[in-house]
Amino acid sequence: MRFVRGFGLSLVLGAAVQAQDRWQALGPAPISSGPYTGRVAAVACSPTDPNRYYVGGADGGVWRSDDGGVSWIPVGDLLPCTSVGALALAPGSDTTLYVGLGEANYANHSRYGLGIARTRDAGRTWALLGRDVFAGRCIARIAISPTTPSVLYAAVTPAGGFPARAAAREHPGRDGPFGLFRSLDDGASWQHLTNGLPAVDCTDVALDPANASVVFAAIGDIFGDPSNGVYKSTDGGNSFTRLGGLPTGVGRITLAVAPANGNRVYASLVRPSSATGGSASTLGVYRSNDGGATWASTSLGSYQSTYGWYLCTSVVHPGNPDVFFAGGLTCHRTDNGGSSWTTVTPPHVDLHALAFDAAGRLLCGNDGGVHRSANAGASWQSLNSNLGLVQFYAGLSVHPSNPDQIFGGTQDNGTNRRVSGTSWIGVLGGDGGYTGVDPTGARVFAESQGTGNLYRSLNGGSFQPVGSGLAGRNCFLPPFAIHPGNGLLMVYGTERVFRSTDGGSSFSAISPDLTGGGSAAIRALAYAPSDANTIWAATNDGRVQVTRNGGGSWSLVLTGVVGWPRTMRSIEVHPSDPGRAWVVASTFGGVKVRGTRDFGGSWNVLDGDLPDVPVQTLAVDDSSGEPAVLYVGTDRGVYRSVDGGARWNAYALGLPNVPVVDLIVDAPNRRVLAATQGRGLWQVKLLAREGVPTAAPR
């Protein structure tokens with residue numbers, strides 16, 4: 001037996017590893033409509049080879065193309081996390097790449113990072129830099145000195161979320177420090193730059209291409225810190241001065257310096273966000289012709305809807321300082337420095353990255369993947385072939401008589417149905433949430449964001465709205481559940497539990513408000529398979545409640561269960577014992593897995609030797625007898641316990657270090673399905689209890 005170690009993970013490889021014990025990717029790669037894939041947060045193009053690109057998935061890791069985007073290969077799957085915020089190639093190189101871990105786009109699904117990774121051989125091997133400095137936060141941009149490549153700058157922000165930093169999952173490094181950091185030794189050590197520069201979210205950094213001593217930094221706390229603004233250094237970051245001439249009362253800021261003229265600087269300013277993520281519309285796009293000494297407002301209006309905290313990217317043409325692109329909800333081009341604009345939005349909205357390749361073509365990373373334009377945005381080409389970055393939400397479902405037919409909801413790419421292999425088609429738009437197939441296969445359910453947006457299909461393809469009677473608060477994608485023994489019974493969660501007895505046509509409330517009030521809502525629901533009168537509910541303010549009489553009365557059995565503000569499949573009920581249930585917590589620190597055998601009257605902690613990583617979901621296999629075999633989906637893959645939670649092993653090989661948000665133990669087909677938020681759906685053979693685990697804790 002041999003051990004392979006790196007970045008804190010320890011994989012055990014031995015004779016017990018068989019081909020069928022490896023995870024198999026099921027896509028979507030990509031979704032056929034579009035074609036689209038998941039969110040691309042960063043793009044880097046070779047300065048010399050027009051066919052070499054790198055992209056960073058929001059939670060999908062680093063991918064490289066050597067044929068101009070015709071095909072892609074993942075090159076960062078052994079990095080400690082797959083959340084990417086920034087990519088930067090060393091000057092003149094297409095093999096030395098720096099990756100800022102942690103997606104700096106502030107959404108609830110913009111997770112924390114664990115440092116900065118560097119490869120010198122195009123992704124074959126990696127070094128991890130600054131983990132102790134940056135872990136728990138996100139890297140918005142990496143800038144490299146054009147004359148001294150060992151000098152690096154990193155713009156550091158909090159992980160995203162509403163409430164603030166919820167995506168940090170209580171990581172011990174989540175609260176800072178933030179701001180601009182510099183390394184003089186190729187990332188081996190880092191200095192926090194605070195001489196004239198506040199220790200507040202740095203949302204961008206840019207260098208004068210002709211004078212490496214000139215550094216521009218954007219301080220852009222999305223909630224509107226008084227110190228927000230554009231700062232400039234003329235001594236390589238030793239000291240900074242805040243630039244005048246720009247509005248105050250600003251949130252996120254993005255910068256772009258013209259490669260052909262370092263005095264031409266563009267600043268895109270967003271209004272401060274509310275505490276719930278609204279009101280962050282465009283404040284303005286400003287141009288300076290004198291290195292930031294003076295600024296002029298351009299004529300571009302609002303292009304970011306009300307969530308500029310999430311959508312703020314820009315780039316200047318490499319040869320013409322007057323040609324500038326601003327990306328938000330949509331994309332806009334000016335050919336005259338901002339006097340007039342043309343809308344040049346790619347096929348998928350919600351833009352996060354813009355970059356030019358060595359042939360002068362424009363690449364755009366967005367919520368649908370990556371697109372390229374050879375004519376300054378007049379037309380676009382999808383580069384999403386085999387790029388598997390889809391971000392599933394909780395709520396996967398499998399057709400009972402056709403195991404190849406799987407349904408899942410995705411971030412900004414709707415609800416999709418698997419056709420075969422890695423091929424999927426879209427069946428419902430919006431942000432896709434929970435899905436469900438009744439036990440007869442006659443009815444399929446899907447939803448989009450918001451209360452009451454529930455749809456039903458009687459043919460697996462055409463969906464019609466149903467669910468009259470639903471009302472109340474939601475956690476973006478309300479959970480629902482179909483009873484596995486009676487497809488006419490459904491429950492749906494807002495701040496109350498609603499039940500349908502007619503297959504989803506109509507609902508009525510069967511609970512009071514189960515939350516502590518405010519904006520809280522139910523994030524997880526579970527029927528007891530053996531008793532339709534036993535229903536479990538968990539709220540996003542940490543409460544777990546259960547009814548044993550179909551909603552006639554409810555018992556509060558747990559409080560303080562930390563988790564994601566949005567929907568989770570965080571409750572699992574034993575197949576034959578309605579009083580036996582498990583609850584998981586998505587957090588660093590504290591209890592991850594709890595179990596009860598008496599309807600929540602008492603709880604056992606089942607963390608055992610599970611690593612300290614957030615746990616999103618749990619699934620149970622009782623086909624091998626007692627104790628039931630437990631599977632958990634974490635921020636770093638799937639773990640299994642065969643002894644009731646005393647010991648845990650990473651399950652099978654080949655799954656990237658990606659957040660797993662949903663699990664299905666598909667015992668009839670002897671497989672485990674894992675829905676990830678960043679790398680689509682995966683399956684692996686379901687081993688019997690005596691099956692040898694194929695990986696040790698990592």
# chains A, B, ... in the order shown; residues from 1 in each chain; ligands from 1
>>> select_by_dssp(residues="segment 126-308 of chain A", states="helix (DSSP H, G or I)", output="PyMOL selection string")
chain A and resi 131-134+166-168
>>> write_last_selection(atoms="N, CA, C and O atoms", output="compact mmCIF listing (two decimals), in the first residue's frame")
# COMPACT_ATOMS: atom_id res chain seq x y z
N ARG A 131 -1.58 29.99 2.81
CA ARG A 131 -2.77 29.42 3.43
C ARG A 131 -3.03 30.03 4.80
O ARG A 131 -4.17 30.38 5.14
N ASP A 132 -2.00 30.18 5.59
CA ASP A 132 -2.18 30.75 6.92
C ASP A 132 -2.58 32.22 6.86
O ASP A 132 -3.17 32.75 7.80
N VAL A 133 -2.27 32.89 5.75
CA VAL A 133 -2.57 34.32 5.61
C VAL A 133 -3.99 34.54 5.11
O VAL A 133 -4.69 35.44 5.58
N PHE A 134 -4.46 33.69 4.18
CA PHE A 134 -5.68 33.99 3.45
C PHE A 134 -6.84 33.02 3.69
O PHE A 134 -7.96 33.29 3.23
N ALA A 166 -21.82 34.45 5.23
CA ALA A 166 -22.43 33.14 5.44
C ALA A 166 -21.71 32.06 4.64
O ALA A 166 -21.63 30.91 5.07
N ALA A 167 -21.15 32.41 3.47
CA ALA A 167 -20.46 31.43 2.63
C ALA A 167 -19.13 31.00 3.22
O ALA A 167 -18.51 30.06 2.73
N ALA A 168 -18.66 31.69 4.27
CA ALA A 168 -17.42 31.29 4.94
C ALA A 168 -17.62 30.08 5.82
O ALA A 168 -16.64 29.47 6.28
>>> residues_around(residues="Gly236 of chain A", least_positions_apart="4", cutoff="7 Å", atoms="only C-alpha atoms", output="VMD selection string")
chain A and resid 212 to 215
>>> residues_around(residues="Ile535 of chain A", least_positions_apart="3", cutoff="7 Å", atoms="only C-alpha atoms", output="list in words")
Ala526, Tyr527, Ala528, Val546, Thr547 and Arg548 of chain A
>>> write_last_selection(atoms="C-alpha atoms", output="JSON list (two decimals), in the first residue's frame")
[["chain", "number", "residue", "atom", "x", "y", "z"],
["A", 526, "ALA", "CA", -38.20, 15.14, 5.36],
["A", 527, "TYR", "CA", -41.03, 12.63, 5.50],
["A", 528, "ALA", "CA", -40.52, 9.48, 7.55],
["A", 546, "VAL", "CA", -40.92, 17.25, 14.25],
["A", 547, "THR", "CA", -44.58, 16.34, 14.11],
["A", 548, "ARG", "CA", -45.85, 12.82, 14.81]]
>>> residues_around(residues="segment 529-533 of chain A", least_positions_apart="2", cutoff="12 Å", atoms="only C-alpha atoms", output="compact mmCIF listing (two decimals) with C-alpha atoms, in the first residue's frame")
# COMPACT_ATOMS: atom_id res chain seq x y z
CA PRO A 439 -43.09 6.69 -6.44
CA ALA A 481 -40.79 16.42 -0.24
CA ILE A 482 -42.97 13.66 -1.69
CA HIS A 483 -43.85 10.73 0.52
CA PRO A 484 -42.06 7.65 -0.88
CA GLY A 485 -45.08 5.42 -0.22
CA ASN A 486 -47.86 7.72 -1.42
CA GLY A 487 -47.18 10.05 -4.31
CA LEU A 488 -50.29 12.14 -3.60
CA LEU A 489 -48.76 13.38 -0.33
CA MET A 490 -46.36 16.33 -0.48
CA VAL A 491 -45.03 18.89 1.97
CA ARG A 499 -49.22 19.80 2.79
CA THR A 501 -53.04 15.44 -0.55
CA ILE A 510 -50.21 22.24 8.77
CA ALA A 526 -38.20 15.14 5.36
CA TYR A 527 -41.03 12.63 5.50
CA ILE A 535 -42.52 14.98 9.26
CA TRP A 536 -39.22 16.66 10.15
CA VAL A 546 -40.92 17.25 14.25
CA THR A 547 -44.58 16.34 14.11
CA ARG A 548 -45.85 12.82 14.81
CA ASN A 549 -49.49 13.50 14.00
CA GLY A 550 -49.43 14.96 10.51
CA GLY A 551 -48.95 18.53 11.67
CA GLY A 552 -51.44 18.60 14.51
CA SER A 553 -48.62 19.52 16.89
CA TRP A 554 -44.91 20.19 16.54
CA GLU A 572 -32.48 12.14 6.85
CA VAL A 573 -35.00 9.75 8.42
CA HIS A 574 -34.40 6.02 8.79
CA PRO A 575 -36.33 4.00 6.16
CA SER A 576 -38.18 1.87 8.71
CA ASP A 577 -38.04 3.84 11.99
CA PRO A 578 -39.77 7.25 12.00
CA GLY A 579 -38.18 8.27 15.29
CA ARG A 580 -34.68 7.69 14.08
CA ALA A 581 -33.18 10.64 12.21
>>> closest_atom_pairs(of="segment 67-98 of chain A", to="segment 104-112 of chain A", cutoff="10 Å", atoms="only C-alpha atoms", output="Markdown table")
| residue | atom | partner | partner_atom | distance |
| --- | --- | --- | --- | --- |
| A:Cys81 | CA | A:Tyr112 | CA | 8.8 |
| A:Thr82 | CA | A:Arg111 | CA | 9.3 |
| A:Ser83 | CA | A:Arg111 | CA | 6.3 |
| A:Val84 | CA | A:Ala104 | CA | 8.2 |
| A:Gly85 | CA | A:Ala104 | CA | 5.3 |
| A:Ala86 | CA | A:Ala104 | CA | 8.2 |
>>> closest_residue(among="A:Thr125, A:Gln545, A:Ser385, A:Thr119", to="Thr37 of chain A", atoms="only C-alpha atoms")
A:Ser385
>>> residues_around(residues="Leu454 of chain A", least_positions_apart="4", cutoff="10 Å", atoms="only C-alpha atoms", output="PyMOL selection string")
chain A and resi 433-435+445-450+463-468+470+478+480+492+504-505
>>> residues_around(residues="Arg169 of chain A", least_positions_apart="2", cutoff="8 Å", atoms="only C-alpha atoms", output="PyMOL selection string")
chain A and resi 112+165-167+171+563-564+586-588+614
>>> closest_residue(among="A:Thr241, A:Thr248, A:Ser508, A:Thr343", to="Ala378 of chain A", atoms="only C-alpha atoms")
A:Thr343
>>> closest_residue(among="A:Ser339, A:Ser274, A:Asn657, A:Asn263", to="Ser297 of chain A", atoms="only C-alpha atoms")
A:Ser339
>>> select_by_dssp(residues="segment 96-140 of chain A", states="strand (DSSP E)", output="PyMOL selection string")
chain A and resi 97-101+116-119+127-129+137-140
>>> residues_around(residues="Gly542 of chain A", least_positions_apart="6", cutoff="6 Å", atoms="only C-alpha atoms", output="list in words")
Thr559, Gly560, Val561 and Val562 of chain A
>>> write_last_selection(atoms="N, CA and C atoms", output="PDB file, in the first residue's frame")
ATOM      1  N   THR A 559     -31.951  23.347  18.636  1.00  0.00           N
ATOM      2  CA  THR A 559     -31.730  24.739  18.244  1.00  0.00           C
ATOM      3  C   THR A 559     -30.236  24.926  17.979  1.00  0.00           C
ATOM      4  N   GLY A 560     -29.911  26.009  17.299  1.00  0.00           N
ATOM      5  CA  GLY A 560     -28.507  26.347  17.071  1.00  0.00           C
ATOM      6  C   GLY A 560     -27.793  25.468  16.064  1.00  0.00           C
ATOM      7  N   VAL A 561     -28.529  24.826  15.164  1.00  0.00           N
ATOM      8  CA  VAL A 561     -27.903  23.991  14.138  1.00  0.00           C
ATOM      9  C   VAL A 561     -27.453  24.894  12.996  1.00  0.00           C
ATOM     10  N   VAL A 562     -26.165  25.120  12.905  1.00  0.00           N
ATOM     11  CA  VAL A 562     -25.622  26.071  11.931  1.00  0.00           C
ATOM     12  C   VAL A 562     -25.720  25.482  10.530  1.00  0.00           C
TER      13      VAL A 562
END
>>> closest_atom_pairs(of="segment 345-379 of chain A", to="segment 401-425 of chain A", cutoff="12 Å", atoms="only C-alpha atoms", output="tab-separated table")
residue	atom	partner	partner_atom	distance
A:His348	CA	A:Asn413	CA	9.4
A:Val349	CA	A:Asp412	CA	9.4
A:Asp350	CA	A:Asp412	CA	9.0
A:Leu351	CA	A:Asp412	CA	12.0
A:Asn366	CA	A:Asp412	CA	10.2
A:Asp367	CA	A:Asp412	CA	6.5
A:Gly368	CA	A:Asn413	CA	7.0
A:Gly369	CA	A:Asn413	CA	10.2
>>> write_last_selection(atoms="all heavy atoms", output="mmCIF file, in the first residue's frame")
data_model
loop_
_atom_site.group_PDB
_atom_site.id
_atom_site.type_symbol
_atom_site.label_atom_id
_atom_site.label_comp_id
_atom_site.auth_asym_id
_atom_site.auth_seq_id
_atom_site.Cartn_x
_atom_site.Cartn_y
_atom_site.Cartn_z
ATOM 1 N N HIS A 348 -25.391 34.181 -22.420
ATOM 2 C CA HIS A 348 -25.840 34.026 -21.042
ATOM 3 C C HIS A 348 -25.494 35.297 -20.265
ATOM 4 O O HIS A 348 -24.365 35.778 -20.326
ATOM 5 C CB HIS A 348 -25.166 32.824 -20.389
ATOM 6 C CG HIS A 348 -25.892 32.300 -19.182
ATOM 7 N ND1 HIS A 348 -26.017 33.017 -18.014
ATOM 8 C CD2 HIS A 348 -26.534 31.122 -18.968
ATOM 9 C CE1 HIS A 348 -26.700 32.303 -17.127
ATOM 10 N NE2 HIS A 348 -27.038 31.153 -17.686
ATOM 11 N N VAL A 349 -26.462 35.818 -19.531
ATOM 12 C CA VAL A 349 -26.230 37.027 -18.731
ATOM 13 C C VAL A 349 -25.493 36.677 -17.445
ATOM 14 O O VAL A 349 -25.150 35.532 -17.193
ATOM 15 C CB VAL A 349 -27.567 37.727 -18.410
ATOM 16 C CG1 VAL A 349 -28.224 38.216 -19.683
ATOM 17 C CG2 VAL A 349 -28.499 36.778 -17.646
ATOM 18 N N ASP A 350 -25.259 37.703 -16.627
ATOM 19 C CA ASP A 350 -24.533 37.605 -15.361
ATOM 20 C C ASP A 350 -23.049 37.351 -15.617
ATOM 21 O O ASP A 350 -22.564 36.217 -15.579
ATOM 22 C CB ASP A 350 -25.102 36.530 -14.447
ATOM 23 C CG ASP A 350 -26.463 36.910 -13.884
ATOM 24 O OD1 ASP A 350 -26.981 37.976 -14.247
ATOM 25 O OD2 ASP A 350 -27.005 36.129 -13.075
ATOM 26 N N LEU A 351 -22.314 38.450 -15.838
ATOM 27 C CA LEU A 351 -20.911 38.384 -16.248
ATOM 28 C C LEU A 351 -19.979 38.580 -15.054
ATOM 29 O O LEU A 351 -20.236 39.416 -14.190
ATOM 30 C CB LEU A 351 -20.631 39.462 -17.297
ATOM 31 C CG LEU A 351 -21.049 39.186 -18.747
ATOM 32 C CD1 LEU A 351 -22.540 38.919 -18.884
ATOM 33 C CD2 LEU A 351 -20.666 40.367 -19.639
ATOM 34 N N ASN A 366 -19.173 33.805 -17.358
ATOM 35 C CA ASN A 366 -20.486 34.207 -16.856
ATOM 36 C C ASN A 366 -21.162 33.032 -16.169
ATOM 37 O O ASN A 366 -20.571 31.964 -16.014
ATOM 38 C CB ASN A 366 -21.338 34.753 -18.016
ATOM 39 C CG ASN A 366 -21.394 33.782 -19.188
ATOM 40 O OD1 ASN A 366 -21.924 32.692 -19.073
ATOM 41 N ND2 ASN A 366 -20.817 34.183 -20.330
ATOM 42 N N ASP A 367 -22.415 33.227 -15.770
ATOM 43 C CA ASP A 367 -23.132 32.180 -15.051
ATOM 44 C C ASP A 367 -23.468 30.984 -15.935
ATOM 45 O O ASP A 367 -23.940 29.960 -15.422
ATOM 46 C CB ASP A 367 -24.419 32.740 -14.453
ATOM 47 C CG ASP A 367 -24.203 33.371 -13.086
ATOM 48 O OD1 ASP A 367 -23.038 33.575 -12.703
ATOM 49 O OD2 ASP A 367 -25.209 33.657 -12.401
ATOM 50 N N GLY A 368 -23.228 31.108 -17.229
ATOM 51 C CA GLY A 368 -23.457 29.991 -18.140
ATOM 52 C C GLY A 368 -22.185 29.391 -18.688
ATOM 53 O O GLY A 368 -22.239 28.590 -19.621
ATOM 54 N N GLY A 369 -21.030 29.796 -18.164
ATOM 55 C CA GLY A 369 -19.767 29.232 -18.615
ATOM 56 C C GLY A 369 -18.859 30.275 -19.215
ATOM 57 O O GLY A 369 -18.647 31.354 -18.654
#
>>> closest_atom_pairs(of="segment 608-662 of chain A", to="segment 677-688 of chain A", cutoff="8 Å", atoms="only C-alpha atoms", output="Markdown table")
| residue | atom | partner | partner_atom | distance |
| --- | --- | --- | --- | --- |
| A:Ser624 | CA | A:Ala688 | CA | 6.3 |
| A:Ala652 | CA | A:Val684 | CA | 7.5 |
| A:Leu655 | CA | A:Trp682 | CA | 7.9 |
| A:Val658 | CA | A:Gly678 | CA | 6.8 |
| A:Pro659 | CA | A:Gln677 | CA | 5.6 |
| A:Val660 | CA | A:Gln677 | CA | 6.3 |
| A:Val661 | CA | A:Gln677 | CA | 6.4 |
>>> atom_distance(atom1="atom CA of His192 of chain A", atom2="atom CA of Ala155 of chain A")
10.2 Å
>>> closest_residue(among="A:Ala206, A:Ala164, A:Leu383, A:Ala293", to="Ser71 of chain A", atoms="only C-alpha atoms")
A:Leu383
>>> closest_atom_pairs(of="segment 294-358 of chain A", to="segment 370-375 of chain A", cutoff="10 Å", atoms="only C-alpha atoms", output="Markdown table")
| residue | atom | partner | partner_atom | distance |
| --- | --- | --- | --- | --- |
| A:Val344 | CA | A:Ser373 | CA | 9.6 |
| A:Pro346 | CA | A:His371 | CA | 6.8 |
| A:Pro347 | CA | A:His371 | CA | 7.9 |
| A:His348 | CA | A:His371 | CA | 8.6 |
| A:Leu351 | CA | A:Val370 | CA | 9.6 |
| A:His352 | CA | A:Val370 | CA | 10.0 |
| A:Ala353 | CA | A:Val370 | CA | 9.0 |
| A:Leu354 | CA | A:Val370 | CA | 9.6 |
| A:Ala355 | CA | A:Arg372 | CA | 9.5 |
| A:Phe356 | CA | A:Arg372 | CA | 9.2 |
| A:Asp357 | CA | A:Arg372 | CA | 9.5 |
>>> write_last_selection(atoms="all heavy atoms", output="compact mmCIF listing (two decimals), in the first residue's frame")
# COMPACT_ATOMS: atom_id res chain seq x y z
N VAL A 344 -23.42 44.48 -25.99
CA VAL A 344 -22.77 43.33 -26.65
C VAL A 344 -22.82 42.11 -25.72
O VAL A 344 -21.85 41.38 -25.55
CB VAL A 344 -21.31 43.66 -27.02
CG1 VAL A 344 -21.26 44.69 -28.15
CG2 VAL A 344 -20.51 44.16 -25.82
N PRO A 346 -23.20 38.51 -24.16
CA PRO A 346 -23.10 37.15 -24.67
C PRO A 346 -24.39 36.38 -24.46
O PRO A 346 -25.35 36.90 -23.85
CB PRO A 346 -21.94 36.56 -23.87
CG PRO A 346 -21.87 37.37 -22.64
CD PRO A 346 -22.33 38.75 -23.01
N PRO A 347 -24.48 35.14 -24.93
CA PRO A 347 -25.74 34.39 -24.84
C PRO A 347 -26.26 34.19 -23.43
O PRO A 347 -27.46 34.00 -23.25
CB PRO A 347 -25.39 33.05 -25.50
CG PRO A 347 -24.30 33.36 -26.45
CD PRO A 347 -23.49 34.42 -25.77
N HIS A 348 -25.39 34.18 -22.42
CA HIS A 348 -25.84 34.03 -21.04
C HIS A 348 -25.49 35.30 -20.27
O HIS A 348 -24.36 35.78 -20.33
CB HIS A 348 -25.17 32.82 -20.39
CG HIS A 348 -25.89 32.30 -19.18
ND1 HIS A 348 -26.02 33.02 -18.01
CD2 HIS A 348 -26.53 31.12 -18.97
CE1 HIS A 348 -26.70 32.30 -17.13
NE2 HIS A 348 -27.04 31.15 -17.69
N LEU A 351 -22.31 38.45 -15.84
CA LEU A 351 -20.91 38.38 -16.25
C LEU A 351 -19.98 38.58 -15.05
O LEU A 351 -20.24 39.42 -14.19
CB LEU A 351 -20.63 39.46 -17.30
CG LEU A 351 -21.05 39.19 -18.75
CD1 LEU A 351 -22.54 38.92 -18.88
CD2 LEU A 351 -20.67 40.37 -19.64
N HIS A 352 -18.87 37.81 -15.04
CA HIS A 352 -17.92 37.86 -13.93
C HIS A 352 -16.47 38.04 -14.36
O HIS A 352 -15.63 38.37 -13.53
CB HIS A 352 -18.03 36.59 -13.10
CG HIS A 352 -19.39 36.34 -12.55
ND1 HIS A 352 -19.90 37.04 -11.48
CD2 HIS A 352 -20.38 35.50 -12.96
CE1 HIS A 352 -21.14 36.62 -11.23
NE2 HIS A 352 -21.46 35.69 -12.11
N ALA A 353 -16.14 37.80 -15.62
CA ALA A 353 -14.74 37.89 -16.05
C ALA A 353 -14.68 38.23 -17.53
O ALA A 353 -15.44 37.70 -18.34
CB ALA A 353 -14.02 36.56 -15.80
N LEU A 354 -13.75 39.14 -17.88
CA LEU A 354 -13.50 39.52 -19.26
C LEU A 354 -12.00 39.53 -19.50
O LEU A 354 -11.23 40.01 -18.66
CB LEU A 354 -14.07 40.91 -19.56
CG LEU A 354 -15.60 41.05 -19.54
CD1 LEU A 354 -16.00 42.53 -19.49
CD2 LEU A 354 -16.21 40.37 -20.77
N ALA A 355 -11.56 38.98 -20.63
CA ALA A 355 -10.13 38.94 -20.95
C ALA A 355 -9.95 38.79 -22.45
O ALA A 355 -10.78 38.18 -23.13
CB ALA A 355 -9.45 37.78 -20.22
N PHE A 356 -8.83 39.33 -22.96
CA PHE A 356 -8.47 39.19 -24.36
C PHE A 356 -7.44 38.08 -24.53
O PHE A 356 -6.52 37.94 -23.71
CB PHE A 356 -7.91 40.49 -24.92
CG PHE A 356 -8.95 41.52 -25.23
CD1 PHE A 356 -9.30 42.48 -24.30
CD2 PHE A 356 -9.60 41.52 -26.46
CE1 PHE A 356 -10.26 43.44 -24.58
CE2 PHE A 356 -10.57 42.47 -26.76
CZ PHE A 356 -10.90 43.43 -25.82
N ASP A 357 -7.60 37.28 -25.60
CA ASP A 357 -6.58 36.27 -25.88
C ASP A 357 -5.49 36.84 -26.78
O ASP A 357 -5.53 38.02 -27.17
CB ASP A 357 -7.22 35.00 -26.45
CG ASP A 357 -7.76 35.14 -27.87
OD1 ASP A 357 -7.48 36.16 -28.54
OD2 ASP A 357 -8.45 34.21 -28.32
>>> atom_distance(atom1="atom CA of Ala42 of chain A", atom2="atom CA of Thr203 of chain A")
13.7 Å
>>> closest_residue(among="A:His399, A:Arg22, A:Arg252, A:Arg271", to="Asn669 of chain A", atoms="only C-alpha atoms")
A:His399
